[in-house]
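Text of work_13.cif (mmCIF, C-alpha atoms and all ligand atoms) as supplied:
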data_coords
#
loop_
_atom_site.label_atom_id
_atom_site.label_comp_id
_atom_site.auth_asym_id
_atom_site.auth_seq_id
_atom_site.Cartn_x
_atom_site.Cartn_y
_atom_site.Cartn_z
CA MET A 1 41.16 8.88 41.93
CA GLN A 2 37.79 9.18 40.22
CA SER A 3 37.33 11.67 37.42
CA SER A 4 34.97 14.55 38.16
CA THR A 5 32.53 13.18 35.54
CA ALA A 6 32.43 9.80 37.33
CA THR A 7 31.88 11.54 40.68
CA ILE A 8 29.05 13.62 39.23
CA GLN A 9 27.48 10.46 37.75
CA ASN A 10 27.67 8.55 41.08
CA THR A 11 26.16 11.46 42.98
CA PHE A 12 23.44 11.74 40.32
CA ALA A 13 22.58 8.03 40.82
CA GLU A 14 22.47 8.46 44.62
CA ASP A 15 20.30 11.56 44.27
CA VAL A 16 17.85 9.73 41.95
CA ILE A 17 17.45 6.92 44.51
CA ARG A 18 17.13 9.36 47.42
CA GLY A 19 14.59 11.51 45.59
CA LEU A 20 12.40 8.66 44.37
CA SER A 21 12.47 6.94 47.78
CA ALA A 22 11.33 10.09 49.60
CA THR A 23 7.80 11.24 50.43
CA PRO A 24 7.02 13.42 48.58
CA LYS A 25 9.29 12.34 45.71
CA PHE A 26 11.71 14.93 44.36
CA PHE A 27 14.56 15.47 41.89
CA SER A 28 17.33 18.03 42.08
CA SER A 29 17.02 20.65 39.35
CA LYS A 30 20.79 20.74 38.94
CA TYR A 31 20.46 17.65 36.70
CA PHE A 32 18.22 19.37 34.13
CA TYR A 33 21.13 20.45 31.95
CA ASP A 34 22.22 17.55 29.70
CA ASP A 35 22.57 18.34 25.95
CA GLU A 36 18.83 18.55 25.36
CA GLY A 37 18.22 20.29 28.72
CA SER A 38 20.80 22.99 27.89
CA ARG A 39 19.21 23.43 24.45
CA LEU A 40 15.72 23.69 25.95
CA PHE A 41 16.92 26.20 28.55
CA GLN A 42 18.27 28.36 25.73
CA GLU A 43 14.77 28.24 24.20
CA ILE A 44 13.20 29.10 27.57
CA MET A 45 15.41 32.19 27.83
CA LYS A 46 13.97 33.40 24.50
CA LEU A 47 10.30 32.86 25.47
CA PRO A 48 8.14 35.99 25.80
CA GLU A 49 7.02 34.82 29.28
CA TYR A 50 10.56 34.31 30.62
CA TYR A 51 11.25 37.89 31.71
CA LEU A 52 14.23 36.95 33.93
CA THR A 53 16.89 36.74 31.21
CA LYS A 54 15.65 39.89 29.48
CA ALA A 55 15.71 41.87 32.74
CA GLU A 56 19.24 40.74 33.66
CA TYR A 57 20.43 41.29 30.10
CA GLU A 58 19.04 44.83 30.25
CA ILE A 59 20.95 45.54 33.49
CA PHE A 60 24.17 44.15 32.00
CA SER A 61 23.88 46.10 28.76
CA THR A 62 22.78 49.46 30.21
CA GLN A 63 24.87 49.52 33.43
CA THR A 64 28.12 47.92 32.30
CA GLN A 65 30.25 50.95 33.20
CA LYS A 66 28.77 51.09 36.71
CA ILE A 67 29.41 47.37 37.21
CA TYR A 68 32.95 47.73 35.93
CA SER A 69 33.75 50.62 38.31
CA ILE A 70 32.53 48.62 41.31
CA PHE A 71 34.29 45.41 40.23
CA VAL A 72 37.53 47.03 39.19
CA PRO A 73 38.19 50.14 41.31
CA ASP A 74 41.93 49.84 40.50
CA ASN A 75 43.96 48.10 37.82
CA ALA A 76 44.78 45.06 39.94
CA PRO A 77 44.32 41.68 38.23
CA PHE A 78 41.35 39.59 39.37
CA ASP A 79 39.56 36.28 38.89
CA LEU A 80 36.03 36.50 37.47
CA ILE A 81 34.44 33.35 38.85
CA GLU A 82 30.97 32.36 37.70
CA LEU A 83 28.91 29.77 39.60
CA GLY A 84 26.52 27.86 37.31
CA SER A 85 27.57 29.77 34.22
CA GLY A 86 25.29 28.03 31.68
CA ASP A 87 26.09 29.35 28.21
CA GLY A 88 27.45 32.64 29.63
CA THR A 89 25.45 34.85 27.24
CA LYS A 90 24.99 37.72 29.71
CA THR A 91 28.50 37.41 31.11
CA SER A 92 29.86 37.86 27.59
CA LEU A 93 28.62 41.48 27.76
CA LEU A 94 30.80 42.10 30.83
CA VAL A 95 33.76 40.19 29.42
CA ASN A 96 33.60 42.21 26.21
CA PHE A 97 33.57 45.49 28.13
CA PHE A 98 36.36 44.41 30.52
CA LEU A 99 38.62 43.33 27.63
CA LYS A 100 38.00 46.60 25.79
CA HIS A 101 39.09 48.44 28.95
CA LYS A 102 42.23 46.30 29.15
CA ALA A 103 41.28 44.73 32.49
CA GLU A 104 43.59 41.92 33.53
CA PHE A 105 41.52 38.92 34.56
CA THR A 106 40.91 35.21 34.22
CA TYR A 107 37.35 34.05 33.63
CA VAL A 108 36.51 30.88 35.61
CA PRO A 109 33.08 29.47 34.67
CA ILE A 110 31.96 26.61 36.93
CA ASP A 111 29.07 24.37 35.95
CA ILE A 112 27.95 20.85 36.74
CA SER A 113 26.91 20.44 33.10
CA GLY A 114 29.73 19.48 30.72
CA GLU A 115 27.37 20.30 27.82
CA ALA A 116 26.77 23.86 29.09
CA LEU A 117 30.53 24.37 29.49
CA GLU A 118 31.18 23.08 25.95
CA LEU A 119 28.66 25.55 24.52
CA LEU A 120 30.25 28.36 26.50
CA THR A 121 33.83 27.47 25.55
CA GLU A 122 33.01 27.30 21.84
CA LYS A 123 31.25 30.65 21.92
CA PHE A 124 33.84 32.46 24.03
CA ALA A 125 36.82 31.09 22.05
CA ALA A 126 35.29 32.49 18.85
CA GLN A 127 34.25 35.81 20.38
CA PHE A 128 37.24 36.47 22.66
CA PRO A 129 40.38 34.75 21.32
CA ASN A 130 42.55 36.64 23.84
CA LEU A 131 40.51 35.84 26.93
CA SER A 132 42.22 33.84 29.67
CA ILE A 133 39.60 31.22 30.56
CA GLN A 134 39.70 28.27 32.94
CA THR A 135 36.54 26.11 32.98
CA GLU A 136 35.71 23.88 35.94
CA GLN A 137 33.12 21.12 35.77
CA GLY A 138 31.51 20.22 39.07
CA ASP A 139 29.01 21.04 41.74
CA TYR A 140 29.73 24.55 42.93
CA PHE A 141 29.55 23.46 46.56
CA ARG A 142 32.51 21.16 45.97
CA THR A 143 34.40 23.39 43.57
CA LEU A 144 34.14 26.24 46.06
CA GLU A 145 36.42 24.38 48.42
CA THR A 146 39.35 24.70 46.00
CA PHE A 147 38.91 28.48 45.57
CA LYS A 148 40.84 29.72 48.51
CA THR A 149 44.02 27.84 47.71
CA GLU A 150 44.17 28.26 43.94
CA SER A 151 44.76 31.97 43.46
CA ASN A 152 45.58 34.94 45.64
CA LYS A 153 44.05 37.44 43.24
CA ARG A 154 40.89 39.36 44.02
CA LYS A 155 37.77 37.30 43.39
CA ILE A 156 34.67 38.67 41.72
CA ILE A 157 32.06 35.94 42.10
CA LEU A 158 29.06 35.95 39.77
CA PHE A 159 25.94 34.00 40.62
CA LEU A 160 23.47 34.95 37.90
CA GLY A 161 20.21 33.92 36.28
CA SER A 162 18.38 33.74 39.63
CA ASN A 163 20.25 30.47 40.31
CA ILE A 164 19.97 31.37 44.01
CA GLY A 165 16.20 30.97 43.62
CA ASN A 166 16.73 27.22 43.21
CA PHE A 167 17.68 27.06 46.89
CA SER A 168 15.22 27.24 49.75
CA GLN A 169 15.89 30.27 51.97
CA THR A 170 17.68 28.07 54.53
CA GLN A 171 19.87 26.52 51.81
CA ALA A 172 20.60 30.02 50.46
CA GLN A 173 21.71 31.16 53.91
CA ASN A 174 24.01 28.12 54.31
CA PHE A 175 25.37 28.65 50.81
CA PHE A 176 26.31 32.29 51.45
CA ASN A 177 27.85 31.39 54.81
CA GLU A 178 30.10 28.86 53.07
CA LEU A 179 30.95 31.34 50.36
CA ARG A 180 31.76 34.07 52.90
CA ALA A 181 34.27 31.77 54.62
CA LEU A 182 36.16 31.49 51.31
CA MET A 183 36.23 35.20 50.52
CA ASN A 184 38.65 37.97 51.47
CA ALA A 185 37.79 41.56 52.40
CA ASP A 186 38.35 42.91 48.86
CA ASP A 187 36.34 40.25 47.06
CA VAL A 188 32.92 40.96 45.57
CA LEU A 189 29.81 38.84 45.21
CA PHE A 190 27.37 39.70 42.39
CA ILE A 191 24.03 37.91 42.61
CA GLY A 192 20.96 37.90 40.37
CA PHE A 193 17.72 37.86 42.40
CA ASP A 194 14.31 37.63 40.81
CA LEU A 195 11.99 40.02 42.65
CA GLN A 196 8.41 39.47 43.84
CA LYS A 197 5.92 40.92 41.38
CA ASN A 198 2.47 40.23 39.91
CA PRO A 199 1.98 36.52 40.71
CA ARG A 200 0.53 35.93 37.24
CA THR A 201 3.67 37.26 35.57
CA ILE A 202 5.76 34.89 37.70
CA LEU A 203 3.53 31.88 37.12
CA SER A 204 3.56 32.37 33.32
CA ALA A 205 7.36 32.32 33.32
CA TYR A 206 7.23 28.72 34.61
CA ASP A 207 4.18 27.64 32.61
CA ASP A 208 4.71 29.00 29.11
CA ALA A 209 2.09 28.68 26.39
CA GLN A 210 4.37 26.73 24.02
CA GLY A 211 5.13 24.07 26.63
CA VAL A 212 8.92 24.48 26.50
CA THR A 213 9.17 24.51 30.32
CA ALA A 214 7.10 21.32 30.43
CA ALA A 215 9.47 19.68 27.90
CA PHE A 216 12.45 20.92 29.96
CA ASN A 217 11.10 19.22 33.11
CA LEU A 218 10.09 16.01 31.28
CA ASN A 219 13.54 15.83 29.70
CA LEU A 220 14.98 14.86 33.09
CA LEU A 221 12.99 11.60 32.88
CA THR A 222 14.42 10.96 29.40
CA ARG A 223 17.91 11.67 30.75
CA ILE A 224 17.42 9.12 33.56
CA ASN A 225 16.14 6.59 30.98
CA ARG A 226 19.25 7.08 28.85
CA GLU A 227 21.88 7.27 31.59
CA PHE A 228 20.50 4.65 33.98
CA GLY A 229 18.38 2.41 31.71
CA ALA A 230 15.09 3.49 33.31
CA ASP A 231 11.70 2.98 31.68
CA PHE A 232 9.95 6.27 32.47
CA ASP A 233 7.31 7.03 29.85
CA PRO A 234 7.23 10.86 29.77
CA GLU A 235 3.71 10.60 28.28
CA ASN A 236 2.56 9.29 31.66
CA PHE A 237 3.59 12.48 33.48
CA SER A 238 2.42 16.06 33.15
CA HIS A 239 4.11 19.29 34.16
CA TYR A 240 2.43 21.49 36.79
CA ALA A 241 3.66 24.88 38.02
CA SER A 242 2.48 26.91 41.01
CA TYR A 243 3.29 30.22 42.67
CA HIS A 244 2.68 30.89 46.36
CA PRO A 245 2.57 34.67 46.89
CA ILE A 246 3.03 34.55 50.68
CA GLU A 247 6.12 32.33 50.47
CA GLY A 248 7.26 34.03 47.25
CA ALA A 249 8.00 30.57 45.87
CA ALA A 250 7.34 29.25 42.37
CA ARG A 251 7.43 25.46 42.27
CA SER A 252 7.43 22.94 39.42
CA PHE A 253 6.19 19.38 39.62
CA LEU A 254 5.77 16.38 37.36
CA ILE A 255 2.49 14.61 38.11
CA SER A 256 2.02 10.91 37.51
CA LYS A 257 -1.09 10.60 35.34
CA LYS A 258 -1.73 7.00 36.41
CA GLU A 259 -0.70 4.33 38.86
CA GLN A 260 2.57 2.99 37.49
CA THR A 261 5.87 1.28 38.30
CA VAL A 262 9.17 2.55 36.94
CA PHE A 263 12.20 0.26 36.81
CA ILE A 264 15.72 1.68 36.77
CA ASP A 265 17.98 -1.02 35.38
CA ALA A 266 21.42 0.37 36.30
CA LEU A 267 20.29 0.96 39.88
CA ASN A 268 18.33 -2.31 39.99
CA LYS A 269 15.43 -0.56 41.69
CA LYS A 270 11.76 -0.09 41.01
CA PHE A 271 9.60 2.77 42.19
CA GLU A 272 5.82 2.88 42.51
CA PHE A 273 3.78 5.95 41.60
CA ALA A 274 0.19 6.47 42.69
CA MET A 275 -2.22 8.13 40.28
CA TRP A 276 -1.71 11.96 40.51
CA GLU A 277 1.37 11.59 42.71
CA PRO A 278 3.71 14.59 42.26
CA ILE A 279 7.49 14.67 41.87
CA PHE A 280 8.79 18.01 43.16
CA MET A 281 11.21 19.25 40.49
CA GLU A 282 12.31 22.78 41.32
CA ILE A 283 11.80 25.80 43.56
CA SER A 284 12.31 29.31 42.18
CA GLN A 285 12.29 31.60 45.21
CA LYS A 286 11.38 35.24 44.60
CA TYR A 287 12.82 37.92 46.85
CA ASN A 288 12.07 41.43 48.05
CA LEU A 289 14.70 43.97 49.06
CA SER A 290 14.42 43.39 52.80
CA MET A 291 14.82 39.62 52.31
CA ILE A 292 17.99 40.35 50.32
CA ASP A 293 19.31 42.67 53.05
CA ASN A 294 18.59 40.15 55.77
CA LEU A 295 20.24 37.36 53.83
CA ALA A 296 23.38 39.46 53.26
CA GLN A 297 23.63 40.50 56.90
CA ALA A 298 22.97 37.04 58.26
CA SER A 299 25.83 35.62 56.18
CA GLY A 300 28.49 38.27 56.87
CA PHE A 301 28.01 40.58 53.88
CA ARG A 302 26.66 44.06 53.28
CA VAL A 303 24.72 45.11 50.21
CA GLU A 304 26.89 47.63 48.37
CA LYS A 305 24.37 48.35 45.64
CA ASN A 306 21.28 46.91 43.95
CA LEU A 307 21.00 47.42 40.19
CA PHE A 308 17.54 47.19 38.65
CA ASP A 309 15.98 46.78 35.22
CA ASP A 310 13.46 49.40 34.13
CA LYS A 311 10.42 47.47 35.37
CA LYS A 312 12.09 46.54 38.70
CA PHE A 313 11.38 42.90 37.93
CA TYR A 314 14.89 41.83 38.86
CA THR A 315 17.96 42.99 40.74
CA ASN A 316 21.66 42.32 40.49
CA SER A 317 22.83 42.78 44.05
CA ILE A 318 26.47 43.62 44.77
CA TRP A 319 27.69 42.30 48.13
CA LYS A 320 30.93 42.89 49.98
CA PRO A 321 32.22 40.96 52.96
CA VAL A 322 32.03 42.77 56.32
C1 LIG B 1 19.18 28.51 35.32
S1 LIG B 1 20.71 28.11 34.53
C2 LIG B 1 21.43 29.71 34.52
C3 LIG B 1 22.64 29.82 33.68
C4 LIG B 1 23.33 31.19 33.72
N1 LIG B 1 23.81 31.51 35.05
C5 LIG B 1 22.42 32.28 33.23
O1 LIG B 1 22.16 33.20 34.00
O2 LIG B 1 21.97 32.21 32.08
C6 LIG B 1 21.54 27.24 35.80
C7 LIG B 1 22.93 26.72 35.47
O3 LIG B 1 23.54 26.36 36.73
C8 LIG B 1 24.08 25.04 36.63
N2 LIG B 1 23.96 24.45 37.97
C9 LIG B 1 22.81 24.22 38.66
N3 LIG B 1 23.09 23.71 39.88
C10 LIG B 1 24.44 23.60 39.94
C11 LIG B 1 25.34 23.14 40.94
N4 LIG B 1 24.90 22.71 42.13
N5 LIG B 1 26.66 23.20 40.68
C12 LIG B 1 27.14 23.66 39.48
N6 LIG B 1 26.33 24.09 38.49
C13 LIG B 1 25.00 24.06 38.72
C14 LIG B 1 23.25 24.34 35.59
O4 LIG B 1 23.95 23.27 34.99
C15 LIG B 1 22.95 25.48 34.59
O5 LIG B 1 23.91 25.60 33.59
#
Translate the structure of the given file into structure tokens.
Amino acid sequence: MQSSTATIQNTFAEDVIRGLSATPKFFSSKYFYDDEGSRLFQEIMKLPEYYLTKAEYEIFSTQTQKIYSIFVPDNAPFDLIELGSGDGTKTSLLVNFFLKHKAEFTYVPIDISGEALELLTEKFAAQFPNLSIQTEQGDYFRTLETFKTESNKRKIILFLGSNIGNFSQTQAQNFFNELRALMNADDVLFIGFDLQKNPRTILSAYDDAQGVTAAFNLNLLTRINREFGADFDPENFSHYASYHPIEGAARSFLISKKEQTVFIDALNKKFEFAMWEPIFMEISQKYNLSMIDNLAQASGFRVEKNLFDDKKFYTNSIWKPV
């Protein structure tokens, strides 16, 4: 059987070919997080324009007791499963509080990025030597399938950092339907949604003045060069971000600055780019409360509670299966 790293690598290669053969061309943003991508994302989270992390951090640090009472209404042991955990900075606030209150749980961070999981493991081992932790590397769609069989404890599923925004609304609906099928009546889903707000505030978060988001997007080309022997010249592409207030969608693109051909050695394929041709890199869907309600209802959940930061920029929505 193939290792999960080999499977991820094969799927990555297939996705690169699929994306560059399509019109318009696209990449999947789940491949942003190699070593350098994870490091750049940590820088993005510290940028003054990137309000998302600050808002979610505020909710976690000021409403920890409330979250704990909803997650752990009794003393029964549970699994704290995090989809796309990244470096787990915000989750560490919850873990710290749960351990102090002697909650009995296993933390299961799932991420496609081995580098992100390494960062997390190092940090959590130092901070919480007594924590029971079981990391899983893989695409959460695939890893989800193993959930139901592995443990019969209550599942608290975290899906933070507005990761859901990286799905179109149809993909989000399908995702929650799949998740619902794997959950039991007592389980809880805890999702971070970025809310619609001043379009300029949103646009700046994806187009920061220091150019870190641009470097983060361009890094995917460098990753493809390294892992598949491609000859992308990142200098020949520029980052462009947009926000569409009617759709509530922020989108990022890399734009080819000239007519060019890129050869990918390991895939033995070449791809032509016209001058100013875009590659669609990422969607970051913004929600309002009725969209959240509709999404929950349509996928077999009810919204138990929405927690907000002070500015109402962001909500952590607590869903229970119906
Ligand atoms: C925007 S970061 C957010 C990290 C963290 N949840 C937070 O709030 O800081 C997205 C994380 O999800 C992971 N990820 C994205 N798509 C994924 C997928 N399909 N399966 C597993 N992990 C994925 C990425 O590797 C990255 O670590």
In file coordinates, which residues lie within 10 Å of (21.9, 31.3, 56.9) using only C-alpha atoms, given as a PDB file with C-alpha atoms, keeping the file's coordinate frame?
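Result written to part.pdb:
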ATOM      1  CA  GLN A 169      15.890  30.270  51.970  1.00  0.00           C
ATOM      2  CA  THR A 170      17.680  28.070  54.530  1.00  0.00           C
ATOM      3  CA  GLN A 171      19.870  26.520  51.810  1.00  0.00           C
ATOM      4  CA  ALA A 172      20.600  30.020  50.460  1.00  0.00           C
ATOM      5  CA  GLN A 173      21.710  31.160  53.910  1.00  0.00           C
ATOM      6  CA  ASN A 174      24.010  28.120  54.310  1.00  0.00           C
ATOM      7  CA  PHE A 175      25.370  28.650  50.810  1.00  0.00           C
ATOM      8  CA  PHE A 176      26.310  32.290  51.450  1.00  0.00           C
ATOM      9  CA  ASN A 177      27.850  31.390  54.810  1.00  0.00           C
ATOM     10  CA  GLU A 178      30.100  28.860  53.070  1.00  0.00           C
ATOM     11  CA  ASN A 294      18.590  40.150  55.770  1.00  0.00           C
ATOM     12  CA  LEU A 295      20.240  37.360  53.830  1.00  0.00           C
ATOM     13  CA  ALA A 296      23.380  39.460  53.260  1.00  0.00           C
ATOM     14  CA  GLN A 297      23.630  40.500  56.900  1.00  0.00           C
ATOM     15  CA  ALA A 298      22.970  37.040  58.260  1.00  0.00           C
ATOM     16  CA  SER A 299      25.830  35.620  56.180  1.00  0.00           C
ATOM     17  CA  GLY A 300      28.490  38.270  56.870  1.00  0.00           C
TER      18      GLY A 300
END
Produce as an mmCIF file with C-alpha atoms, in the coordinates of the input the set of residues near ligand LIG 1 (chain B), where near means within 10 Å with all atoms listed in the file considered.
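Here's the written file selection24.cif:
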data_model
loop_
_atom_site.group_PDB
_atom_site.id
_atom_site.type_symbol
_atom_site.label_atom_id
_atom_site.label_comp_id
_atom_site.auth_asym_id
_atom_site.auth_seq_id
_atom_site.Cartn_x
_atom_site.Cartn_y
_atom_site.Cartn_z
ATOM 1 C CA ILE A 8 29.050 13.620 39.230
ATOM 2 C CA SER A 28 17.330 18.030 42.080
ATOM 3 C CA SER A 29 17.020 20.650 39.350
ATOM 4 C CA LYS A 30 20.790 20.740 38.940
ATOM 5 C CA TYR A 31 20.460 17.650 36.700
ATOM 6 C CA PHE A 32 18.220 19.370 34.130
ATOM 7 C CA TYR A 33 21.130 20.450 31.950
ATOM 8 C CA ASP A 34 22.220 17.550 29.700
ATOM 9 C CA GLY A 37 18.220 20.290 28.720
ATOM 10 C CA SER A 38 20.800 22.990 27.890
ATOM 11 C CA PHE A 41 16.920 26.200 28.550
ATOM 12 C CA GLN A 42 18.270 28.360 25.730
ATOM 13 C CA ILE A 44 13.200 29.100 27.570
ATOM 14 C CA MET A 45 15.410 32.190 27.830
ATOM 15 C CA LEU A 52 14.230 36.950 33.930
ATOM 16 C CA THR A 53 16.890 36.740 31.210
ATOM 17 C CA GLU A 56 19.240 40.740 33.660
ATOM 18 C CA TYR A 57 20.430 41.290 30.100
ATOM 19 C CA GLU A 82 30.970 32.360 37.700
ATOM 20 C CA LEU A 83 28.910 29.770 39.600
ATOM 21 C CA GLY A 84 26.520 27.860 37.310
ATOM 22 C CA SER A 85 27.570 29.770 34.220
ATOM 23 C CA GLY A 86 25.290 28.030 31.680
ATOM 24 C CA ASP A 87 26.090 29.350 28.210
ATOM 25 C CA GLY A 88 27.450 32.640 29.630
ATOM 26 C CA THR A 89 25.450 34.850 27.240
ATOM 27 C CA LYS A 90 24.990 37.720 29.710
ATOM 28 C CA THR A 91 28.500 37.410 31.110
ATOM 29 C CA PRO A 109 33.080 29.470 34.670
ATOM 30 C CA ILE A 110 31.960 26.610 36.930
ATOM 31 C CA ASP A 111 29.070 24.370 35.950
ATOM 32 C CA ILE A 112 27.950 20.850 36.740
ATOM 33 C CA SER A 113 26.910 20.440 33.100
ATOM 34 C CA GLY A 114 29.730 19.480 30.720
ATOM 35 C CA GLU A 115 27.370 20.300 27.820
ATOM 36 C CA ALA A 116 26.770 23.860 29.090
ATOM 37 C CA LEU A 117 30.530 24.370 29.490
ATOM 38 C CA LEU A 120 30.250 28.360 26.500
ATOM 39 C CA GLU A 136 35.710 23.880 35.940
ATOM 40 C CA GLN A 137 33.120 21.120 35.770
ATOM 41 C CA GLY A 138 31.510 20.220 39.070
ATOM 42 C CA ASP A 139 29.010 21.040 41.740
ATOM 43 C CA TYR A 140 29.730 24.550 42.930
ATOM 44 C CA PHE A 141 29.550 23.460 46.560
ATOM 45 C CA ARG A 142 32.510 21.160 45.970
ATOM 46 C CA THR A 143 34.400 23.390 43.570
ATOM 47 C CA LEU A 144 34.140 26.240 46.060
ATOM 48 C CA LEU A 158 29.060 35.950 39.770
ATOM 49 C CA PHE A 159 25.940 34.000 40.620
ATOM 50 C CA LEU A 160 23.470 34.950 37.900
ATOM 51 C CA GLY A 161 20.210 33.920 36.280
ATOM 52 C CA SER A 162 18.380 33.740 39.630
ATOM 53 C CA ASN A 163 20.250 30.470 40.310
ATOM 54 C CA ILE A 164 19.970 31.370 44.010
ATOM 55 C CA GLY A 165 16.200 30.970 43.620
ATOM 56 C CA ASN A 166 16.730 27.220 43.210
ATOM 57 C CA PHE A 167 17.680 27.060 46.890
ATOM 58 C CA ILE A 191 24.030 37.910 42.610
ATOM 59 C CA GLY A 192 20.960 37.900 40.370
ATOM 60 C CA SER A 284 12.310 29.310 42.180
#
What is the distance, in Å and to one decimal place, between CA of Arg226 in chain A and CA of Arg18 in chain A? 18.8 Å
Two-atom distance - CA of Thr315 in chain A, CA of Ser252 in chain A (Å):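 CA of Ser252 in chain A lies 22.7 Å from CA of Thr315 in chain A.
The smallest atom-to-atom distance between Ile264 in chain A and any of A:Arg180, A:Arg223, A:Arg200, A:His239, using all atoms listed in the file, is found for A:Arg223.
Checking A:Phe232, A:His244, A:Ile224, A:Leu195 one by one against Gln260 in chain A, counting only C-alpha atoms, you find the shortest gap at A:Phe232.
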Taking (-2.2, 7.1, 34.7) as a centre in this file's frame and 9 Å as the limit, can you find every polymer residue with an atom that close, using all atoms listed in the file, and give them as a PyMOL selection string? chain A and resi 236-237+256-260+274-276
Distance criterion (all atoms listed in the file): nearest to Lys305 in chain A out of A:Phe280, A:Phe190, A:Phe128, A:Tyr243: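 Ranked by minimum distance to Lys305 in chain A, first place goes to A:Phe190.
Note that CA of Tyr68 in chain A and CA of Ser132 in chain A are 17.8 Å apart.
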Need to verify the contact set: range 93-108 of chain A, 6 Å, all atoms listed in the file, exclusion of same-chain residues closer than 2 positions in sequence. Can you return it as a PyMOL selection string? chain A and resi 77-81+90-91+132-135
If you take every atom of range 88-96 of chain A that the file lists and fit an axis-aligned box around them with 3 Å extra on each side, what centre and edge lengths come out in Å to one decimal, as JSON?
{"center_x": 29.4, "center_y": 37.4, "center_z": 28.7, "size_x": 14.8, "size_y": 15.6, "size_z": 10.9}
Counting all atoms listed in the file, figure out which residue out of A:Met291, A:Val16, A:Glu304, A:Gln63 gets nearest to Ile279 in chain A.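 Once distances to Ile279 in chain A are computed over all atoms listed in the file, the minimum belongs to A:Val16.
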At a cut-off of 12 Å, using all atoms listed in the file, what residues contact Asn288 in chain A? Leave out same-chain residues fewer than 2 positions from it and give the result as a PyMOL selection string. chain A and resi 193-197+245-249+285-286+290-295+306+312-315+317
Counting only C-alpha atoms, the residue among A:Glu272, A:Asp265, A:Val322, A:Asn316 that lies closest to Thr64 in chain A is A:Asn316
